[in-house]
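Shown next: start_35.csv, containing CSV, C-alpha atoms and all ligand atoms.
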chain,number,residue,atom,x,y,z
A,13,MET,CA,0.0,0.0,0.0
A,14,GLU,CA,1.3,3.5,-0.9
A,15,ASN,CA,1.8,6.0,1.9
A,16,VAL,CA,0.4,8.8,-0.2
A,17,ILE,CA,-1.1,9.1,-3.7
A,18,ILE,CA,-1.1,12.6,-5.1
A,19,ILE,CA,-3.6,13.1,-7.9
A,20,GLY,CA,-2.7,16.0,-10.3
A,21,THR,CA,0.6,17.5,-11.5
A,22,GLY,CA,0.1,21.3,-11.4
A,23,CYS,CA,1.8,23.5,-8.9
A,24,ALA,CA,-0.1,22.0,-6.0
A,25,GLY,CA,0.5,18.4,-6.9
A,26,TRP,CA,4.3,18.8,-7.6
A,27,THR,CA,4.9,20.9,-4.5
A,28,ALA,CA,3.0,18.2,-2.4
A,29,ALA,CA,5.2,15.6,-4.1
A,30,ILE,CA,8.4,17.5,-3.3
A,31,TYR,CA,7.5,17.8,0.4
A,32,ALA,CA,6.2,14.2,0.7
A,33,SER,CA,9.2,12.8,-1.0
A,34,ARG,CA,11.6,14.8,1.1
A,35,ALA,CA,9.7,13.3,4.1
A,36,ASN,CA,10.7,9.8,2.8
A,37,LEU,CA,7.0,9.0,2.0
A,38,GLU,CA,7.9,8.0,-1.6
A,39,PRO,CA,4.7,9.5,-3.0
A,40,LEU,CA,3.1,8.1,-6.1
A,41,VAL,CA,2.0,10.9,-8.4
A,42,LEU,CA,-0.8,10.3,-10.9
A,43,THR,CA,-0.7,12.9,-13.7
A,44,GLY,CA,-4.3,12.9,-15.0
A,45,THR,CA,-5.1,14.0,-18.5
A,46,GLN,CA,-3.1,17.3,-18.5
A,47,PRO,CA,0.3,16.6,-17.1
A,48,GLY,CA,1.8,19.8,-15.7
A,49,GLY,CA,-1.6,21.4,-15.3
A,50,GLN,CA,-2.7,24.9,-16.3
A,51,LEU,CA,0.7,26.4,-16.5
A,52,THR,CA,1.6,24.2,-19.4
A,53,THR,CA,-0.9,26.2,-21.5
A,54,THR,CA,0.5,29.6,-20.6
A,55,THR,CA,3.6,31.5,-21.8
A,56,GLU,CA,5.7,33.5,-19.5
A,57,VAL,CA,5.1,33.4,-15.8
A,58,GLU,CA,6.2,36.8,-14.4
A,59,ASN,CA,5.0,36.5,-10.8
A,60,PHE,CA,6.4,33.3,-9.5
A,61,PRO,CA,8.9,34.3,-6.8
A,62,GLY,CA,12.5,33.5,-7.6
A,63,PHE,CA,12.4,34.2,-11.3
A,64,PRO,CA,12.9,37.9,-11.8
A,65,GLU,CA,13.3,37.5,-15.5
A,66,GLY,CA,10.2,35.4,-15.7
A,67,ILE,CA,10.0,31.7,-16.7
A,68,MET,CA,8.0,29.8,-19.3
A,69,GLY,CA,5.0,27.9,-17.7
A,70,PRO,CA,6.0,24.5,-19.2
A,71,GLU,CA,9.6,25.0,-18.1
A,72,LEU,CA,8.5,25.8,-14.5
A,73,MET,CA,6.4,22.7,-14.4
A,74,GLY,CA,9.2,20.6,-15.8
A,75,LYS,CA,11.5,21.9,-13.0
A,76,MET,CA,9.0,21.1,-10.3
A,77,GLN,CA,8.7,17.5,-11.6
A,78,GLN,CA,12.5,17.1,-11.7
A,79,GLN,CA,12.7,18.4,-8.2
A,80,ALA,CA,10.0,15.9,-7.0
A,81,GLU,CA,11.6,13.0,-8.8
A,82,LYS,CA,15.0,13.8,-7.5
A,83,PHE,CA,13.7,13.1,-3.9
A,84,GLY,CA,12.0,9.9,-4.8
A,85,ALA,CA,8.5,10.8,-6.1
A,86,ARG,CA,7.2,8.2,-8.7
A,87,VAL,CA,5.0,9.2,-11.6
A,88,GLU,CA,2.3,7.3,-13.3
A,89,TYR,CA,0.6,8.7,-16.5
A,90,THR,CA,-2.9,7.7,-15.8
A,91,ASN,CA,-6.4,9.1,-15.2
A,92,VAL,CA,-8.3,8.8,-11.9
A,93,ASN,CA,-12.0,7.9,-12.0
A,94,GLY,CA,-12.8,7.7,-8.3
A,95,VAL,CA,-11.5,7.5,-4.7
A,96,GLU,CA,-13.1,5.3,-2.1
A,97,LYS,CA,-12.3,5.2,1.6
A,98,LYS,CA,-12.2,1.6,2.9
A,99,GLY,CA,-11.3,2.4,6.5
A,100,GLU,CA,-8.9,4.5,8.6
A,101,ALA,CA,-5.7,5.1,6.5
A,102,HIS,CA,-7.0,2.9,3.7
A,103,PHE,CA,-8.1,4.4,0.3
A,104,VAL,CA,-8.7,2.8,-3.0
A,105,VAL,CA,-7.9,5.0,-6.0
A,106,LYS,CA,-9.6,3.8,-9.2
A,107,THR,CA,-7.5,4.6,-12.3
A,108,ASP,CA,-7.7,3.8,-16.0
A,109,SER,CA,-4.9,1.3,-15.4
A,110,GLY,CA,-6.5,-0.4,-12.3
A,111,ASP,CA,-7.1,0.1,-8.6
A,112,LEU,CA,-4.3,1.4,-6.3
A,113,GLU,CA,-4.3,1.5,-2.5
A,114,ALA,CA,-3.0,4.2,-0.3
A,115,LYS,CA,-3.0,5.3,3.3
A,116,THR,CA,-3.6,9.0,2.4
A,117,VAL,CA,-4.6,10.8,-0.8
A,118,ILE,CA,-4.0,14.4,-1.9
A,119,ILE,CA,-6.3,15.7,-4.5
A,120,ALA,CA,-4.6,18.4,-6.6
A,121,THR,CA,-6.6,18.1,-9.8
A,122,GLY,CA,-7.0,21.8,-10.5
A,123,ALA,CA,-9.7,23.4,-12.6
A,124,SER,CA,-10.6,23.4,-16.3
A,125,PRO,CA,-11.6,26.2,-18.6
A,126,ARG,CA,-15.3,27.2,-18.6
A,127,HIS,CA,-17.2,27.5,-21.8
A,128,LEU,CA,-20.4,29.5,-22.6
A,129,GLY,CA,-22.7,26.5,-23.1
A,130,LEU,CA,-23.7,27.4,-26.7
A,131,PRO,CA,-25.2,24.6,-28.7
A,132,ASN,CA,-22.5,24.0,-31.3
A,133,GLU,CA,-19.4,24.6,-29.1
A,134,GLN,CA,-18.3,21.0,-28.6
A,135,SER,CA,-18.1,20.5,-32.4
A,136,LEU,CA,-16.2,23.8,-32.8
A,137,ILE,CA,-13.4,23.0,-30.4
A,138,GLY,CA,-10.4,22.7,-32.6
A,139,HIS,CA,-12.2,24.4,-35.5
A,140,GLY,CA,-12.0,28.0,-34.4
A,141,LEU,CA,-12.9,27.6,-30.7
A,142,THR,CA,-10.4,27.2,-28.0
A,143,SER,CA,-9.4,28.2,-24.5
A,144,CYS,CA,-5.7,28.1,-25.0
A,145,ALA,CA,-4.0,31.0,-26.9
A,146,THR,CA,-0.6,29.5,-26.3
A,147,CYS,CA,-1.6,26.2,-27.9
A,148,ASP,CA,-3.6,27.6,-30.8
A,149,GLY,CA,-2.7,31.2,-31.3
A,150,ALA,CA,0.0,30.6,-34.0
A,151,PHE,CA,-2.6,28.9,-36.2
A,152,TYR,CA,-4.4,32.3,-36.7
A,153,ARG,CA,-1.9,34.5,-38.4
A,154,ASP,CA,-3.0,37.7,-40.0
A,155,VAL,CA,-6.7,37.1,-39.4
A,156,PRO,CA,-9.1,38.6,-36.9
A,157,VAL,CA,-9.8,36.7,-33.6
A,158,ALA,CA,-11.8,37.3,-30.5
A,159,VAL,CA,-11.2,36.7,-26.8
A,160,ILE,CA,-14.2,36.5,-24.4
A,161,GLY,CA,-13.7,37.5,-20.8
A,162,GLY,CA,-12.5,40.4,-18.7
A,163,GLY,CA,-10.1,38.8,-16.2
A,164,ASP,CA,-6.3,38.3,-16.2
A,165,SER,CA,-6.6,35.3,-18.5
A,166,ALA,CA,-8.5,37.3,-21.1
A,167,ALA,CA,-6.1,40.2,-20.9
A,168,GLU,CA,-3.1,37.9,-21.1
A,169,GLU,CA,-4.4,35.9,-24.0
A,170,ALA,CA,-5.5,38.9,-26.0
A,171,THR,CA,-2.0,40.5,-25.6
A,172,PHE,CA,-0.3,37.2,-26.6
A,173,LEU,CA,-2.5,36.8,-29.6
A,174,THR,CA,-1.5,40.2,-31.0
A,175,LYS,CA,1.8,38.4,-32.1
A,176,PHE,CA,-0.2,36.5,-34.7
A,177,ALA,CA,-3.7,37.9,-35.4
A,178,SER,CA,-4.4,41.0,-37.5
A,179,LYS,CA,-6.8,42.2,-34.9
A,180,VAL,CA,-8.0,40.9,-31.5
A,181,TYR,CA,-11.5,41.8,-30.2
A,182,LEU,CA,-11.7,41.6,-26.5
A,183,ILE,CA,-15.3,40.9,-25.7
A,184,HIS,CA,-16.5,41.6,-22.2
A,185,ARG,CA,-19.9,41.6,-20.6
A,186,ARG,CA,-19.3,44.8,-18.6
A,187,ASP,CA,-17.6,48.1,-19.4
A,188,GLU,CA,-14.4,47.6,-17.3
A,189,LEU,CA,-12.0,44.7,-17.0
A,190,ARG,CA,-11.7,42.6,-13.9
A,191,ALA,CA,-8.0,42.0,-14.8
A,192,SER,CA,-5.2,43.4,-12.6
A,193,GLN,CA,-4.2,46.9,-13.5
A,194,ILE,CA,-0.9,46.0,-15.1
A,195,MET,CA,-2.4,43.4,-17.4
A,196,ALA,CA,-5.5,45.5,-18.2
A,197,GLU,CA,-3.3,48.4,-19.2
A,198,ARG,CA,-1.0,46.3,-21.2
A,199,ALA,CA,-3.9,44.9,-23.2
A,200,LEU,CA,-5.9,48.1,-23.6
A,201,SER,CA,-2.8,50.1,-24.8
A,202,ASN,CA,-2.1,47.5,-27.5
A,203,GLU,CA,-3.3,49.0,-30.8
A,204,LYS,CA,-4.2,45.6,-32.2
A,205,ILE,CA,-6.7,45.0,-29.4
A,206,GLU,CA,-10.2,46.4,-29.7
A,207,PRO,CA,-12.3,46.1,-26.6
A,208,VAL,CA,-16.0,45.3,-27.2
A,209,TRP,CA,-17.7,46.4,-24.0
A,210,ASN,CA,-21.1,45.3,-22.6
A,211,SER,CA,-21.4,42.4,-25.0
A,212,THR,CA,-22.0,38.7,-24.8
A,213,VAL,CA,-21.6,36.1,-27.5
A,214,SER,CA,-25.0,34.5,-28.3
A,215,GLU,CA,-24.0,32.4,-31.3
A,216,TYR,CA,-21.0,30.9,-33.0
A,217,ILE,CA,-21.5,31.0,-36.8
A,218,THR,CA,-19.7,28.5,-39.0
A,219,ASP,CA,-19.1,28.0,-42.8
A,220,ASP,CA,-20.2,24.8,-44.5
A,221,SER,CA,-17.1,22.9,-43.4
A,222,GLY,CA,-17.9,23.7,-39.7
A,223,GLU,CA,-15.1,26.3,-39.2
A,224,MET,CA,-15.8,29.5,-37.2
A,225,THR,CA,-16.5,32.5,-39.4
A,226,LYS,CA,-18.5,34.9,-37.3
A,227,ILE,CA,-19.9,35.5,-33.9
A,228,LYS,CA,-23.3,37.0,-33.0
A,229,LEU,CA,-23.1,39.6,-30.2
A,230,GLN,CA,-25.7,40.9,-27.9
A,231,ASP,CA,-25.3,44.3,-26.2
A,232,THR,CA,-26.0,43.7,-22.5
A,233,VAL,CA,-27.3,47.3,-22.1
A,234,THR,CA,-29.5,47.9,-25.2
A,235,GLY,CA,-30.1,44.2,-26.2
A,236,GLU,CA,-29.0,45.1,-29.7
A,237,GLU,CA,-27.6,42.3,-31.8
A,238,SER,CA,-24.6,42.6,-34.1
A,239,GLU,CA,-22.0,40.3,-35.9
A,240,LEU,CA,-18.3,40.2,-36.0
A,241,GLU,CA,-16.1,38.3,-38.5
A,242,VAL,CA,-13.5,36.2,-36.6
A,243,LYS,CA,-11.6,33.1,-37.5
A,244,CYS,CA,-11.2,31.9,-33.9
A,245,VAL,CA,-12.7,32.6,-30.5
A,246,PHE,CA,-10.5,32.2,-27.4
A,247,VAL,CA,-12.8,31.7,-24.3
A,248,ALA,CA,-11.3,33.0,-21.0
A,249,ILE,CA,-14.3,33.2,-18.7
A,250,GLY,CA,-13.0,31.3,-15.7
A,251,HIS,CA,-12.7,27.7,-14.6
A,252,ILE,CA,-14.6,24.7,-13.3
A,253,PRO,CA,-12.9,22.6,-10.5
A,254,ASN,CA,-12.0,19.1,-11.5
A,255,ALA,CA,-13.7,17.3,-8.7
A,256,GLY,CA,-16.5,15.5,-10.5
A,257,PHE,CA,-14.7,12.2,-10.2
A,258,LEU,CA,-15.2,12.4,-6.4
A,259,ASN,CA,-19.0,12.2,-6.7
A,260,GLY,CA,-20.2,9.6,-4.2
A,261,SER,CA,-17.0,9.6,-2.3
A,262,GLY,CA,-18.4,11.7,0.6
A,263,VAL,CA,-16.1,14.6,-0.1
A,264,GLU,CA,-18.1,17.8,0.5
A,265,VAL,CA,-17.9,20.6,-2.2
A,266,ASP,CA,-19.3,24.1,-2.2
A,267,GLU,CA,-22.2,25.3,-4.5
A,268,ASN,CA,-19.7,25.7,-7.4
A,269,GLY,CA,-18.1,22.3,-7.0
A,270,TYR,CA,-14.9,23.4,-5.2
A,271,ILE,CA,-13.7,20.9,-2.6
A,272,LEU,CA,-14.2,22.2,1.0
A,273,GLN,CA,-11.1,22.1,3.2
A,274,LYS,CA,-12.3,21.4,6.7
A,275,ARG,CA,-9.2,21.3,8.9
A,276,GLY,CA,-6.1,22.7,7.3
A,277,THR,CA,-6.2,21.0,3.8
A,278,GLU,CA,-8.2,18.0,5.0
A,279,THR,CA,-11.5,17.4,3.3
A,280,SER,CA,-14.7,16.2,5.0
A,281,VAL,CA,-13.2,12.7,4.6
A,282,SER,CA,-10.3,12.2,7.1
A,283,GLY,CA,-7.0,11.2,5.5
A,284,LEU,CA,-8.1,12.8,2.2
A,285,PHE,CA,-6.6,16.2,1.5
A,286,ALA,CA,-7.2,18.8,-1.2
A,287,ALA,CA,-4.9,21.5,-2.5
A,288,GLY,CA,-4.7,24.2,-5.2
A,289,ASP,CA,-7.3,25.3,-7.6
A,290,VAL,CA,-9.7,22.3,-7.0
A,291,SER,CA,-10.4,23.8,-3.6
A,292,ASP,CA,-9.6,27.5,-4.1
A,293,HIS,CA,-11.9,29.9,-6.0
A,294,VAL,CA,-10.4,33.0,-4.4
A,295,TYR,CA,-6.6,33.2,-5.0
A,296,ARG,CA,-6.0,30.7,-7.9
A,297,GLN,CA,-2.4,31.7,-8.3
A,298,ALA,CA,0.5,29.4,-9.1
A,299,ILE,CA,2.3,30.4,-5.9
A,300,THR,CA,-0.8,29.9,-3.7
A,301,ALA,CA,-1.5,26.5,-5.3
A,302,ALA,CA,2.2,25.6,-4.6
A,303,GLY,CA,1.9,26.8,-0.9
A,304,ASN,CA,-1.3,24.8,-0.5
A,305,GLY,CA,0.3,21.7,-2.0
A,306,CYS,CA,3.1,22.0,0.6
A,307,ALA,CA,0.4,22.3,3.4
A,308,ALA,CA,-1.4,19.2,2.1
A,309,ALA,CA,1.8,17.2,2.2
A,310,LEU,CA,2.6,18.3,5.8
A,311,ASP,CA,-1.0,17.5,6.8
A,312,ALA,CA,-0.8,14.1,5.2
A,313,GLU,CA,2.5,13.4,6.9
A,314,ARG,CA,0.9,14.3,10.3
A,315,TYR,CA,-2.1,12.0,9.6
A,316,LEU,CA,0.3,9.2,8.8
A,317,ALA,CA,2.2,9.7,12.0
A,318,ASP,CA,-1.0,9.7,14.0
A,319,HIS,CA,-2.0,6.4,12.3
A,320,GLU,CA,1.3,4.5,12.7
B,1,LIG,P1,-11.7,35.3,-13.7
B,1,LIG,O1,-10.8,36.3,-12.9
B,1,LIG,O2,-12.7,34.6,-12.9
B,1,LIG,O3,-12.4,36.2,-14.8
B,1,LIG,C1,-13.4,35.6,-15.6
B,1,LIG,C2,-13.9,36.6,-16.5
B,1,LIG,O4,-14.9,36.0,-17.4
B,1,LIG,C3,-14.6,37.8,-15.8
B,1,LIG,O5,-14.2,39.0,-16.4
B,1,LIG,C4,-16.1,37.5,-16.0
B,1,LIG,O6,-16.9,38.6,-16.1
B,1,LIG,C5,-16.1,36.7,-17.3
B,1,LIG,N1,-17.2,35.8,-17.4
B,1,LIG,C6,-17.5,34.8,-16.5
B,1,LIG,N2,-18.5,34.0,-16.9
B,1,LIG,C7,-18.9,34.6,-18.1
B,1,LIG,C8,-20.0,34.3,-19.0
B,1,LIG,N3,-20.8,33.3,-18.8
B,1,LIG,N4,-20.1,35.1,-20.1
B,1,LIG,C9,-19.2,36.1,-20.3
B,1,LIG,N5,-18.2,36.4,-19.5
B,1,LIG,C10,-18.1,35.7,-18.4
B,1,LIG,O7,-10.9,34.2,-14.4
B,1,LIG,P2,-9.4,34.2,-15.1
B,1,LIG,O8,-9.2,35.5,-15.9
B,1,LIG,O9,-9.2,32.9,-15.7
B,1,LIG,O10,-8.4,34.3,-13.8
B,1,LIG,C11,-8.5,33.4,-12.8
B,1,LIG,C12,-7.4,33.6,-11.7
B,1,LIG,O11,-6.1,33.4,-12.3
B,1,LIG,C13,-7.4,35.1,-11.2
B,1,LIG,O12,-7.1,35.0,-9.9
B,1,LIG,C14,-6.3,35.7,-12.0
B,1,LIG,O13,-5.7,36.8,-11.3
B,1,LIG,C15,-5.3,34.5,-12.2
B,1,LIG,N6,-4.5,34.7,-13.4
B,1,LIG,C16,-3.3,35.3,-13.2
B,1,LIG,C17,-2.5,35.5,-14.3
B,1,LIG,C18,-1.2,36.2,-14.1
B,1,LIG,O14,-1.0,36.9,-13.1
B,1,LIG,N7,-0.2,36.0,-15.0
B,1,LIG,C19,-2.9,35.1,-15.6
B,1,LIG,C20,-4.2,34.5,-15.7
B,1,LIG,C21,-4.9,34.3,-14.6
B,1,LIG,P3,-17.1,39.6,-14.8
B,1,LIG,O15,-15.8,40.4,-14.7
B,1,LIG,O16,-18.3,40.4,-15.3
B,1,LIG,O17,-17.4,38.7,-13.7
The structure in this file should be written as structure tokens.
Ligand code: NAP
Amino acid sequence: MENVIIIGTGCAGWTAAIYASRANLEPLVLTGTQPGGQLTTTTEVENFPGFPEGIMGPELMGKMQQQAEKFGARVEYTNVNGVEKKGEAHFVVKTDSGDLEAKTVIIATGASPRHLGLPNEQSLIGHGLTSCATCDGAFYRDVPVAVIGGGDSAAEEATFLTKFASKVYLIHRRDELRASQIMAERALSNEKIEPVWNSTVSEYITDDSGEMTKIKLQDTVTGEESELEVKCVFVAIGHIPNAGFLNGSGVEVDENGYILQKRGTETSVSGLFAAGDVSDHVYRQAITAAGNGCAAALDAERYLADHE
């Protein structure tokens, strides 16, 4: 039986792995479907302490993995479908490659991009609809694109896309950005970015081959409708916590599905800990996720000591 299984390999998961492995717990880390987590879909990270020149997101995650493996963390590239508590200090983690047993489990599965819920969006993903400018931006050179959202992600993606697109419409449902001042200013002062205030997207319009050609907009103040020609829409309207696989496990979540931490990082199920964006809808920063991952490893270590 494993001492600790860590599910997820974003900042929270790798930091938990670094601390658990340095405590000689030889953690087993399960990557999930997006090894490295959300930072692997970003470009330069400018606010992670210790990197005054900035560091590319994927490089930072690679370094965290290296650091965890150096101290004995083991990695399995598999997806988790459920976690079941069998008894005190006894969990079964159900994965695509079979069941695993552990004395403690740390959930660090992060959050996934939210979409608008428009009828044809599933078929459009990869055909002019995406939530990752870093992944897909370069496919849209010298054509107009749109970013939906008003937070840091939207501002950052819009700014990044100006490297490729002929024009970037930044579509926001209000008339001021939620993004931090520095990122908002950077986006709004870029001459390729045109803000489209008080607007929501009500329809994605495609050509006969199913590729995005236009979007229908609705003015949130006047109700007026209009259309914009764009080749791609980058959706940046927040995230949904990746906790659905815990349904039926007894882990309590809030009304938006974020895992509730009850005592330190411990969930409502003793011996099961949560860290990072899967349980944090407030801060959601790489560094806060990392700090929370550290706390989860320390909490798991204490739980194990209490159950020796
Ligand atoms: P966010 O801050 O929650 O912003 C989501 C944006 O989407 C808001 O402007 C919101 O509008 C809009 N929105 C939500 N639902 C919508 C809907 N159904 N239709 C239209 N618009 C909708 O999310 P985020 O930008 O992904 O940022 C998440 C966290 O990560 C934040 O803490 C942010 O600071 C951090 N982050 C940091 C960096 C960085 O520092 N480099 C980069 C990216 C993200 P309202 O404003 O009207 O609510």
Skipping near chain neighbours, those fewer than 5 positions away, what residues fall within 8 Å of A:Gly283 using all atoms listed in the file, listed as a ChimeraX atom specification? /A:100-101,115-117,278,312,315
Give the residue list for ligand LIG 1 (chain B) at 7 Å, counting all atoms listed in the file, as a PyMOL selection string, sorted by chain and then by residue number. chain A and resi 57-59+128+160-166+168+184-186+189-192+212+248-251+294-297
C-alpha atoms of the current selection, written as a short mmCIF file (atom, residue, chain, number, x, y, z; two decimals), keeping the file's coordinate frame:
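The file below, part.cif, is the result:
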data_model
loop_
_atom_site.label_atom_id
_atom_site.label_comp_id
_atom_site.auth_asym_id
_atom_site.auth_seq_id
_atom_site.Cartn_x
_atom_site.Cartn_y
_atom_site.Cartn_z
CA VAL A 57 5.10 33.40 -15.80
CA GLU A 58 6.20 36.80 -14.40
CA ASN A 59 5.00 36.50 -10.80
CA LEU A 128 -20.40 29.50 -22.60
CA ILE A 160 -14.20 36.50 -24.40
CA GLY A 161 -13.70 37.50 -20.80
CA GLY A 162 -12.50 40.40 -18.70
CA GLY A 163 -10.10 38.80 -16.20
CA ASP A 164 -6.30 38.30 -16.20
CA SER A 165 -6.60 35.30 -18.50
CA ALA A 166 -8.50 37.30 -21.10
CA GLU A 168 -3.10 37.90 -21.10
CA HIS A 184 -16.50 41.60 -22.20
CA ARG A 185 -19.90 41.60 -20.60
CA ARG A 186 -19.30 44.80 -18.60
CA LEU A 189 -12.00 44.70 -17.00
CA ARG A 190 -11.70 42.60 -13.90
CA ALA A 191 -8.00 42.00 -14.80
CA SER A 192 -5.20 43.40 -12.60
CA THR A 212 -22.00 38.70 -24.80
CA ALA A 248 -11.30 33.00 -21.00
CA ILE A 249 -14.30 33.20 -18.70
CA GLY A 250 -13.00 31.30 -15.70
CA HIS A 251 -12.70 27.70 -14.60
CA VAL A 294 -10.40 33.00 -4.40
CA TYR A 295 -6.60 33.20 -5.00
CA ARG A 296 -6.00 30.70 -7.90
CA GLN A 297 -2.40 31.70 -8.30
#
Quick one: pull the distance between atom CA of A:Gly303 and atom CA of A:Met76, Å, one decimal.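 Atom-to-atom, atom CA of A:Gly303 and atom CA of A:Met76 are spaced 13.1 Å apart.
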For the atom pair atom CA of A:Val16 and atom CA of A:Phe60, what is the interatomic distance in Å to one decimal place?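 These atoms are spaced 26.9 Å apart.
Comparing the minimum interatomic distances between A:Thr279 and each of A:Ile119, A:Leu112, A:Ala145, A:His319, counting all atoms listed in the file, we find that A:Ile119 sits nearest.
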Could you tell me how far atom CA of A:His102 lies from atom CA of A:Ile17, in Å and to one decimal?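 Calculated distance between atom CA of A:His102 and atom CA of A:Ile17 is 11.3 Å.
For the point (-7.1, 16.1, -15.1), the residues with at least one atom inside 9 Å, counting all atoms listed in the file, are Ile19, Gly20, Thr21, Thr43, Gly44, Thr45, Gln46, Pro47, Gly49, Asn91, Val92, Thr121, Gly122, Ala123, Ser124 and Asn254 of chain A.
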Determine the nearest neighbour of A:Ile217 from the options A:Glu320, A:Glu239, A:Glu188, A:Asp292, counting only C-alpha atoms.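 Among A:Glu320, A:Glu239, A:Glu188, A:Asp292, it is A:Glu239 that comes nearest to A:Ile217.
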The residue from A:Thr174, A:Ser143, A:Ser33, A:Asn304 with the smallest atom-to-atom distance to A:Leu200, counting only C-alpha atoms, is A:Thr174
For a quick check of your reading of the model, name the residues lying within 9 Å of the coordinate (-9.5, 41.2, -28.9), counting all atoms listed in the file, and write them as a PyMOL selection string. chain A and resi 156-160+166-167+169-171+173-174+179-183+199+204-208
Among the residues A:Gly69, A:Gly256, A:Gly235, A:Gly74, the one that comes closest to A:Glu56 [using only C-alpha atoms]: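 Nearest to A:Glu56: A:Gly69.
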Taking only C-alpha atoms into account, name the residue in A:Asn93, A:Ser282, A:Asn259, A:Ser214 that is nearest to A:Ser238.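 That would be A:Ser214, the residue with the smallest distance to A:Ser238.
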Would you mind telling me which residue in A:Gly260, A:Gly84, A:Pro125, A:Gly276 lies nearest to A:Val41 when using all atoms listed in the file? A:Gly84
Name the residues in contact with A:Gly305 at a cut-off of 8 Å, using all atoms listed in the file, excluding same-chain residues fewer than 6 positions from it; report them as a list of chain:residue names.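 Using all atoms listed in the file, the neighbours found are A:Cys23, A:Ala24, A:Gly25, A:Trp26, A:Thr27, A:Ala28, A:Ala120, A:Ala287, A:Gly288.
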Tell me which protein, DNA and RNA residues are within 10 Å of A:Gly140, counting all atoms listed in the file, leaving out same-chain ones fewer than 6 positions away, and put them as an MDAnalysis selection string. chainID A and resid 133 148 151:152 157 216 218 222:226 242:246
I'd like the box whose edges run along x, y and z of the file and which contains every listed atom of stretch 93-109 of chain A, padded by 3 Å per side; could you state its centre and edge lengths in Å, one decimal, as lines of an AutoDock Vina configuration file?
center_x = -9.0
center_y = 4.6
center_z = -3.7
size_x = 14.2
size_y = 12.6
size_z = 30.6
What does stretch 276-318 of chain A look like written to a file with C-alpha atoms, as a PDB file, in the first residue's frame?
ATOM      1  CA  GLY A 276      -6.067  22.662   7.268  1.00  0.00           C
ATOM      2  CA  THR A 277      -6.175  21.009   3.845  1.00  0.00           C
ATOM      3  CA  GLU A 278      -8.153  17.979   5.046  1.00  0.00           C
ATOM      4  CA  THR A 279     -11.489  17.436   3.319  1.00  0.00           C
ATOM      5  CA  SER A 280     -14.668  16.173   4.994  1.00  0.00           C
ATOM      6  CA  VAL A 281     -13.152  12.662   4.614  1.00  0.00           C
ATOM      7  CA  SER A 282     -10.303  12.183   7.096  1.00  0.00           C
ATOM      8  CA  GLY A 283      -7.042  11.199   5.458  1.00  0.00           C
ATOM      9  CA  LEU A 284      -8.118  12.761   2.156  1.00  0.00           C
ATOM     10  CA  PHE A 285      -6.559  16.160   1.478  1.00  0.00           C
ATOM     11  CA  ALA A 286      -7.167  18.759  -1.223  1.00  0.00           C
ATOM     12  CA  ALA A 287      -4.864  21.485  -2.497  1.00  0.00           C
ATOM     13  CA  GLY A 288      -4.712  24.154  -5.177  1.00  0.00           C
ATOM     14  CA  ASP A 289      -7.348  25.318  -7.641  1.00  0.00           C
ATOM     15  CA  VAL A 290      -9.658  22.326  -7.048  1.00  0.00           C
ATOM     16  CA  SER A 291     -10.373  23.816  -3.618  1.00  0.00           C
ATOM     17  CA  ASP A 292      -9.580  27.511  -4.145  1.00  0.00           C
ATOM     18  CA  HIS A 293     -11.892  29.852  -6.001  1.00  0.00           C
ATOM     19  CA  VAL A 294     -10.399  32.955  -4.390  1.00  0.00           C
ATOM     20  CA  TYR A 295      -6.643  33.245  -5.029  1.00  0.00           C
ATOM     21  CA  ARG A 296      -6.003  30.745  -7.870  1.00  0.00           C
ATOM     22  CA  GLN A 297      -2.363  31.661  -8.336  1.00  0.00           C
ATOM     23  CA  ALA A 298       0.535  29.360  -9.145  1.00  0.00           C
ATOM     24  CA  ILE A 299       2.251  30.360  -5.913  1.00  0.00           C
ATOM     25  CA  THR A 300      -0.840  29.937  -3.701  1.00  0.00           C
ATOM     26  CA  ALA A 301      -1.469  26.510  -5.257  1.00  0.00           C
ATOM     27  CA  ALA A 302       2.152  25.575  -4.561  1.00  0.00           C
ATOM     28  CA  GLY A 303       1.856  26.776  -0.948  1.00  0.00           C
ATOM     29  CA  ASN A 304      -1.350  24.825  -0.502  1.00  0.00           C
ATOM     30  CA  GLY A 305       0.305  21.707  -1.950  1.00  0.00           C
ATOM     31  CA  CYS A 306       3.068  22.050   0.630  1.00  0.00           C
ATOM     32  CA  ALA A 307       0.443  22.336   3.403  1.00  0.00           C
ATOM     33  CA  ALA A 308      -1.369  19.232   2.130  1.00  0.00           C
ATOM     34  CA  ALA A 309       1.849  17.188   2.205  1.00  0.00           C
ATOM     35  CA  LEU A 310       2.564  18.331   5.784  1.00  0.00           C
ATOM     36  CA  ASP A 311      -1.029  17.507   6.807  1.00  0.00           C
ATOM     37  CA  ALA A 312      -0.793  14.063   5.173  1.00  0.00           C
ATOM     38  CA  GLU A 313       2.519  13.427   6.923  1.00  0.00           C
ATOM     39  CA  ARG A 314       0.933  14.258  10.320  1.00  0.00           C
ATOM     40  CA  TYR A 315      -2.065  12.048   9.553  1.00  0.00           C
ATOM     41  CA  LEU A 316       0.274   9.153   8.759  1.00  0.00           C
ATOM     42  CA  ALA A 317       2.241   9.720  11.978  1.00  0.00           C
ATOM     43  CA  ASP A 318      -1.030   9.682  13.960  1.00  0.00           C
TER      44      ASP A 318
END
